[in-house]
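This is input_16.pdb (PDB, C-alpha atoms and all ligand atoms).
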ATOM      1  CA  MET V1100     -22.138  -2.516  -0.032
ATOM      2  CA  ILE V1101     -19.182  -4.358   1.474
ATOM      3  CA  PRO V1102     -18.469  -4.215   5.218
ATOM      4  CA  VAL V1103     -14.837  -3.260   5.877
ATOM      5  CA  CYS V1104     -14.225  -2.976   9.620
ATOM      6  CA  ARG V1105     -15.312  -0.977  12.601
ATOM      7  CA  LEU V1106     -14.415   2.700  12.341
ATOM      8  CA  ASP V1107     -12.260   2.502  15.462
ATOM      9  CA  GLU V1108     -10.204  -0.231  13.789
ATOM     10  CA  LEU V1109      -9.174   2.197  11.040
ATOM     11  CA  PRO V1110      -7.497   5.154  12.764
ATOM     12  CA  ALA V1111      -6.191   8.215  10.935
ATOM     13  CA  GLY V1112      -3.194   7.441   8.753
ATOM     14  CA  GLU V1113      -4.075   3.763   8.394
ATOM     15  CA  SER V1114      -5.407   1.651   5.546
ATOM     16  CA  VAL V1115      -6.980  -1.738   5.063
ATOM     17  CA  ARG V1116      -7.016  -3.986   2.008
ATOM     18  CA  LEU V1117     -10.129  -5.896   0.969
ATOM     19  CA  ASP V1118      -9.617  -9.180  -0.855
ATOM     20  CA  THR V1119     -12.316  -8.410  -3.384
ATOM     21  CA  THR V1120     -11.950  -8.824  -7.138
ATOM     22  CA  PRO V1121     -10.239  -6.552  -7.850
ATOM     23  CA  PRO V1122      -8.864  -5.750  -4.368
ATOM     24  CA  ILE V1123      -9.906  -2.452  -2.790
ATOM     25  CA  ALA V1124      -7.918  -0.282  -0.384
ATOM     26  CA  VAL V1125      -9.690   1.834   2.230
ATOM     27  CA  PHE V1126      -7.838   4.753   3.822
ATOM     28  CA  ASN V1127      -8.428   7.028   6.772
ATOM     29  CA  ALA V1128      -6.780  10.263   5.650
ATOM     30  CA  ASP V1129      -6.842  12.540   8.678
ATOM     31  CA  GLY V1130     -10.406  11.524   9.494
ATOM     32  CA  ALA V1131     -11.791  11.340   5.951
ATOM     33  CA  LEU V1132     -12.383   7.861   4.550
ATOM     34  CA  TYR V1133     -11.592   6.956   0.948
ATOM     35  CA  ALA V1134     -11.643   3.750  -1.075
ATOM     36  CA  ILE V1135      -9.798   3.080  -4.305
ATOM     37  CA  ASP V1136      -8.790   0.018  -6.268
ATOM     38  CA  ASP V1137      -5.802  -1.389  -4.412
ATOM     39  CA  THR V1138      -3.665  -2.315  -7.403
ATOM     40  CA  CYS V1139      -1.452   0.458  -8.737
ATOM     41  CA  SER V1140      -2.213   1.255 -12.368
ATOM     42  CA  HIS V1141       1.494   1.184 -13.197
ATOM     43  CA  GLN V1142       2.246  -2.397 -12.167
ATOM     44  CA  ASP V1143       0.919  -4.683  -9.446
ATOM     45  CA  ALA V1144       1.835  -3.034  -6.157
ATOM     46  CA  SER V1145      -0.698  -2.805  -3.346
ATOM     47  CA  LEU V1146      -1.550   0.830  -2.671
ATOM     48  CA  ALA V1147      -2.791  -0.131   0.801
ATOM     49  CA  ALA V1148       0.885  -0.822   1.552
ATOM     50  CA  GLY V1149       1.879   2.639   0.349
ATOM     51  CA  TRP V1150       2.510   5.843   2.239
ATOM     52  CA  LEU V1151      -0.370   8.143   3.046
ATOM     53  CA  GLU V1152       0.167  11.897   3.062
ATOM     54  CA  GLY V1153      -2.932  14.032   3.249
ATOM     55  CA  CYS V1154      -5.242  12.904   0.452
ATOM     56  CA  LEU V1155      -2.403  11.295  -1.501
ATOM     57  CA  VAL V1156      -1.077   7.760  -1.362
ATOM     58  CA  GLU V1157       2.375   6.973  -2.682
ATOM     59  CA  CYS V1158       2.866   3.592  -4.309
ATOM     60  CA  PRO V1159       5.435   1.516  -2.405
ATOM     61  CA  LEU V1160       7.055   0.147  -5.563
ATOM     62  CA  HIS V1161       7.970   3.086  -7.837
ATOM     63  CA  ALA V1162       6.571   6.060  -5.885
ATOM     64  CA  ALA V1163       3.722   7.090  -8.168
ATOM     65  CA  SER V1164       1.228   9.094  -6.170
ATOM     66  CA  PHE V1165      -2.574   8.940  -6.409
ATOM     67  CA  ASP V1166      -5.184  11.410  -5.236
ATOM     68  CA  LEU V1167      -7.604   9.427  -3.066
ATOM     69  CA  ARG V1168     -10.441  11.828  -3.938
ATOM     70  CA  THR V1169     -10.261  11.250  -7.676
ATOM     71  CA  GLY V1170      -8.053   8.213  -8.235
ATOM     72  CA  GLN V1171      -5.910  10.301 -10.587
ATOM     73  CA  PRO V1172      -2.143   9.839 -10.552
ATOM     74  CA  THR V1173      -0.317  13.005  -9.589
ATOM     75  CA  CYS V1174       3.084  11.951 -10.887
ATOM     76  CA  LEU V1175       4.811   9.366 -13.034
ATOM     77  CA  PRO V1176       5.356   6.521 -13.576
ATOM     78  CA  ALA V1177       1.593   5.888 -13.237
ATOM     79  CA  ARG V1178      -0.433   7.412 -16.068
ATOM     80  CA  ARG V1179      -3.863   5.852 -15.597
ATOM     81  CA  PRO V1180      -6.242   6.522 -12.707
ATOM     82  CA  VAL V1181      -7.498   3.900 -10.302
ATOM     83  CA  ARG V1182     -11.224   3.576  -9.612
ATOM     84  CA  THR V1183     -12.654   5.283  -6.576
ATOM     85  CA  HIS V1184     -15.491   3.905  -4.466
ATOM     86  CA  ARG V1185     -17.924   5.575  -2.110
ATOM     87  CA  VAL V1186     -17.445   4.954   1.616
ATOM     88  CA  SER V1187     -20.097   5.198   4.294
ATOM     89  CA  VAL V1188     -20.168   4.604   8.022
ATOM     90  CA  VAL V1189     -23.302   2.997   9.460
ATOM     91  CA  ASP V1190     -23.558   2.395  13.187
ATOM     92  CA  GLY V1191     -19.788   2.565  13.563
ATOM     93  CA  MET V1192     -19.137   0.147  10.709
ATOM     94  CA  VAL V1193     -17.229   1.235   7.598
ATOM     95  CA  HIS V1194     -18.715   0.104   4.269
ATOM     96  CA  VAL V1195     -17.519   0.417   0.686
ATOM     97  CA  HIS V1196     -19.971   0.855  -2.170
ATOM     98  CA  VAL V1197     -18.281  -0.593  -5.240
ATOM     99  CA  THR V1198     -19.558   1.547  -8.063
ATOM    100  CA  GLY V1199     -16.584   2.980  -9.871
ATOM    101  CA  ALA V1200     -18.082   6.434  -9.454
ATOM    102  CA  PRO V1201     -15.958   9.207  -7.938
ATOM    103  CA  SER V1202     -15.791   8.810  -4.176
ATOM    104  CA  VAL V1203     -16.982  11.246  -1.571
ATOM    105  CA  PRO V1204     -15.080  11.187   1.690
ATOM    106  CA  ALA V1205     -16.901  10.097   4.816
ATOM    107  CA  GLU V1206     -16.104  12.052   7.931
ATOM    108  CA  ALA V1207     -14.779   9.667  10.534
ATOM    109  CA  GLY V1208     -16.789  11.260  13.317
ATOM    110  CA  ALA V1209     -20.175  10.899  11.617
ATOM    111  CA  ALA V1210     -20.886   7.280  12.326
ATOM    112  CA  THR V1211     -24.650   6.888  12.264
ATOM    113  CA  GLY V1212     -27.270   6.699   9.582
ATOM    114  CA  GLU V1213     -27.106   5.325   6.059
ATOM    115  CA  GLY V1214     -25.576   7.892   3.777
ATOM    116  CA  SER V1215     -25.110  10.477   6.493
ATOM    117  CA  ALA V1216     -21.358  10.087   6.384
ATOM    118  CA  ALA V1217     -20.923   9.952   2.636
TER     119      ALA V1217
HETATM  120  S1  LIG Q1301       3.816  -0.219  -9.305
HETATM  121 FE1  LIG Q1301       3.100   1.669  -8.532
HETATM  122  S2  LIG Q1301       4.431   3.127  -9.390
HETATM  123 FE2  LIG Q1301       5.107   1.257 -10.228
END
Can you present the structure in this file as structure tokens?
Ligand code: FES
Amino acid sequence: MIPVCRLDELPAGESVRLDTTPPIAVFNADGALYAIDDTCSHQDASLAAGWLEGCLVECPLHAASFDLRTGQPTCLPARRPVRTHRVSVVDGMVHVHVTGAPSVPAEAGAATGEGSAA
């Protein structure tokens, strides 16, 4: 489990990039937290630098869009999904669980207890 930041440092509509290997992007999509691999599956753009709209992030380079819930691209030119990671909030701190399993959004308001927000 990787600590990301305090929940209040990641307001709705914002993202943060973790310099892990590979890098991971964490998003607050209207109060739900999601984590995906940061590197677009089309080329090497950072999805954390993309545009967030609902549960979709649009790549800043060629405008492929990814569903944060599944990691699946929703339009070309990306064809391959990106990995999703589970997010939890423990005592106001956002954590990413790097598993590669499909992610479950954490509600931004539920900030106490291991697993209670995931
Ligand atoms: S690098 Fe993301 S769509 Fe091309």
The PyMOL selection byres (((chain V and resi 1170-1184) around 12) and not hetatm) on the file shown: which residues, as an mmCIF file with C-alpha atoms, in the coordinates of the input?
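Below is the file expr_25.cif, written as the result:
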data_model
loop_
_atom_site.group_PDB
_atom_site.id
_atom_site.type_symbol
_atom_site.label_atom_id
_atom_site.label_comp_id
_atom_site.auth_asym_id
_atom_site.auth_seq_id
_atom_site.Cartn_x
_atom_site.Cartn_y
_atom_site.Cartn_z
ATOM 1 C CA MET V 1100 -22.138 -2.516 -0.032
ATOM 2 C CA ILE V 1101 -19.182 -4.358 1.474
ATOM 3 C CA PRO V 1121 -10.239 -6.552 -7.850
ATOM 4 C CA PRO V 1122 -8.864 -5.750 -4.368
ATOM 5 C CA ILE V 1123 -9.906 -2.452 -2.790
ATOM 6 C CA ALA V 1124 -7.918 -0.282 -0.384
ATOM 7 C CA VAL V 1125 -9.690 1.834 2.230
ATOM 8 C CA PHE V 1126 -7.838 4.753 3.822
ATOM 9 C CA LEU V 1132 -12.383 7.861 4.550
ATOM 10 C CA TYR V 1133 -11.592 6.956 0.948
ATOM 11 C CA ALA V 1134 -11.643 3.750 -1.075
ATOM 12 C CA ILE V 1135 -9.798 3.080 -4.305
ATOM 13 C CA ASP V 1136 -8.790 0.018 -6.268
ATOM 14 C CA ASP V 1137 -5.802 -1.389 -4.412
ATOM 15 C CA THR V 1138 -3.665 -2.315 -7.403
ATOM 16 C CA CYS V 1139 -1.452 0.458 -8.737
ATOM 17 C CA SER V 1140 -2.213 1.255 -12.368
ATOM 18 C CA HIS V 1141 1.494 1.184 -13.197
ATOM 19 C CA GLN V 1142 2.246 -2.397 -12.167
ATOM 20 C CA ASP V 1143 0.919 -4.683 -9.446
ATOM 21 C CA ALA V 1144 1.835 -3.034 -6.157
ATOM 22 C CA SER V 1145 -0.698 -2.805 -3.346
ATOM 23 C CA LEU V 1146 -1.550 0.830 -2.671
ATOM 24 C CA CYS V 1154 -5.242 12.904 0.452
ATOM 25 C CA LEU V 1155 -2.403 11.295 -1.501
ATOM 26 C CA VAL V 1156 -1.077 7.760 -1.362
ATOM 27 C CA GLU V 1157 2.375 6.973 -2.682
ATOM 28 C CA CYS V 1158 2.866 3.592 -4.309
ATOM 29 C CA LEU V 1160 7.055 0.147 -5.563
ATOM 30 C CA HIS V 1161 7.970 3.086 -7.837
ATOM 31 C CA ALA V 1162 6.571 6.060 -5.885
ATOM 32 C CA ALA V 1163 3.722 7.090 -8.168
ATOM 33 C CA SER V 1164 1.228 9.094 -6.170
ATOM 34 C CA PHE V 1165 -2.574 8.940 -6.409
ATOM 35 C CA ASP V 1166 -5.184 11.410 -5.236
ATOM 36 C CA LEU V 1167 -7.604 9.427 -3.066
ATOM 37 C CA ARG V 1168 -10.441 11.828 -3.938
ATOM 38 C CA THR V 1169 -10.261 11.250 -7.676
ATOM 39 C CA ARG V 1185 -17.924 5.575 -2.110
ATOM 40 C CA VAL V 1186 -17.445 4.954 1.616
ATOM 41 C CA SER V 1187 -20.097 5.198 4.294
ATOM 42 C CA HIS V 1194 -18.715 0.104 4.269
ATOM 43 C CA VAL V 1195 -17.519 0.417 0.686
ATOM 44 C CA HIS V 1196 -19.971 0.855 -2.170
ATOM 45 C CA VAL V 1197 -18.281 -0.593 -5.240
ATOM 46 C CA THR V 1198 -19.558 1.547 -8.063
ATOM 47 C CA GLY V 1199 -16.584 2.980 -9.871
ATOM 48 C CA ALA V 1200 -18.082 6.434 -9.454
ATOM 49 C CA PRO V 1201 -15.958 9.207 -7.938
ATOM 50 C CA SER V 1202 -15.791 8.810 -4.176
ATOM 51 C CA VAL V 1203 -16.982 11.246 -1.571
ATOM 52 C CA PRO V 1204 -15.080 11.187 1.690
ATOM 53 C CA ALA V 1205 -16.901 10.097 4.816
ATOM 54 C CA ALA V 1217 -20.923 9.952 2.636
#
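Within 6 Å of the point (-7.4, 8.1, 8.6), and counting only C-alpha atoms, the protein, DNA and RNA residues are Pro1110, Ala1111, Gly1112, Glu1113, Phe1126, Asn1127, Ala1128, Asp1129 and Gly1130 of chain V.
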Smallest atom-to-atom distance to Leu1106 (chain V): which of V:Trp1150, V:Thr1120, V:Ala1131, V:Pro1159, using all atoms listed in the file?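 Closest to Leu1106 (chain V), using all atoms listed in the file: V:Ala1131.
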Report the distance between CA of Gly1149 (chain V) and CA of Met1192 (chain V) in Å, rounded to one decimal place.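 Answer for the CA of Gly1149 (chain V) to CA of Met1192 (chain V) separation: 23.6 Å.
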Counting only C-alpha atoms and all ligand atoms, the option among V:Glu1152, V:Ser1114, V:Ala1147, V:Gly1191 closest to ligand LIG 1301 (chain Q): V:Ala1147
What is the CA of Asp1190 (chain V)-CA of Ala1148 (chain V) distance in Å, reported with one decimal?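 Going from CA of Asp1190 (chain V) over to CA of Ala1148 (chain V), I get 27.3 Å.
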Provide an axis-aligned box for all listed atoms of ligand LIG 1301 (chain Q), padding each side by 4 Å; report its centre and its edge lengths in Å to one decimal, as JSON.
{"center_x": 4.1, "center_y": 1.5, "center_z": -9.4, "size_x": 10.0, "size_y": 11.3, "size_z": 9.7}
Just to confirm, what's the straight-line distance from CA of Val1189 (chain V) to CA of Arg1116 (chain V) in Å (one decimal)? 19.2 Å
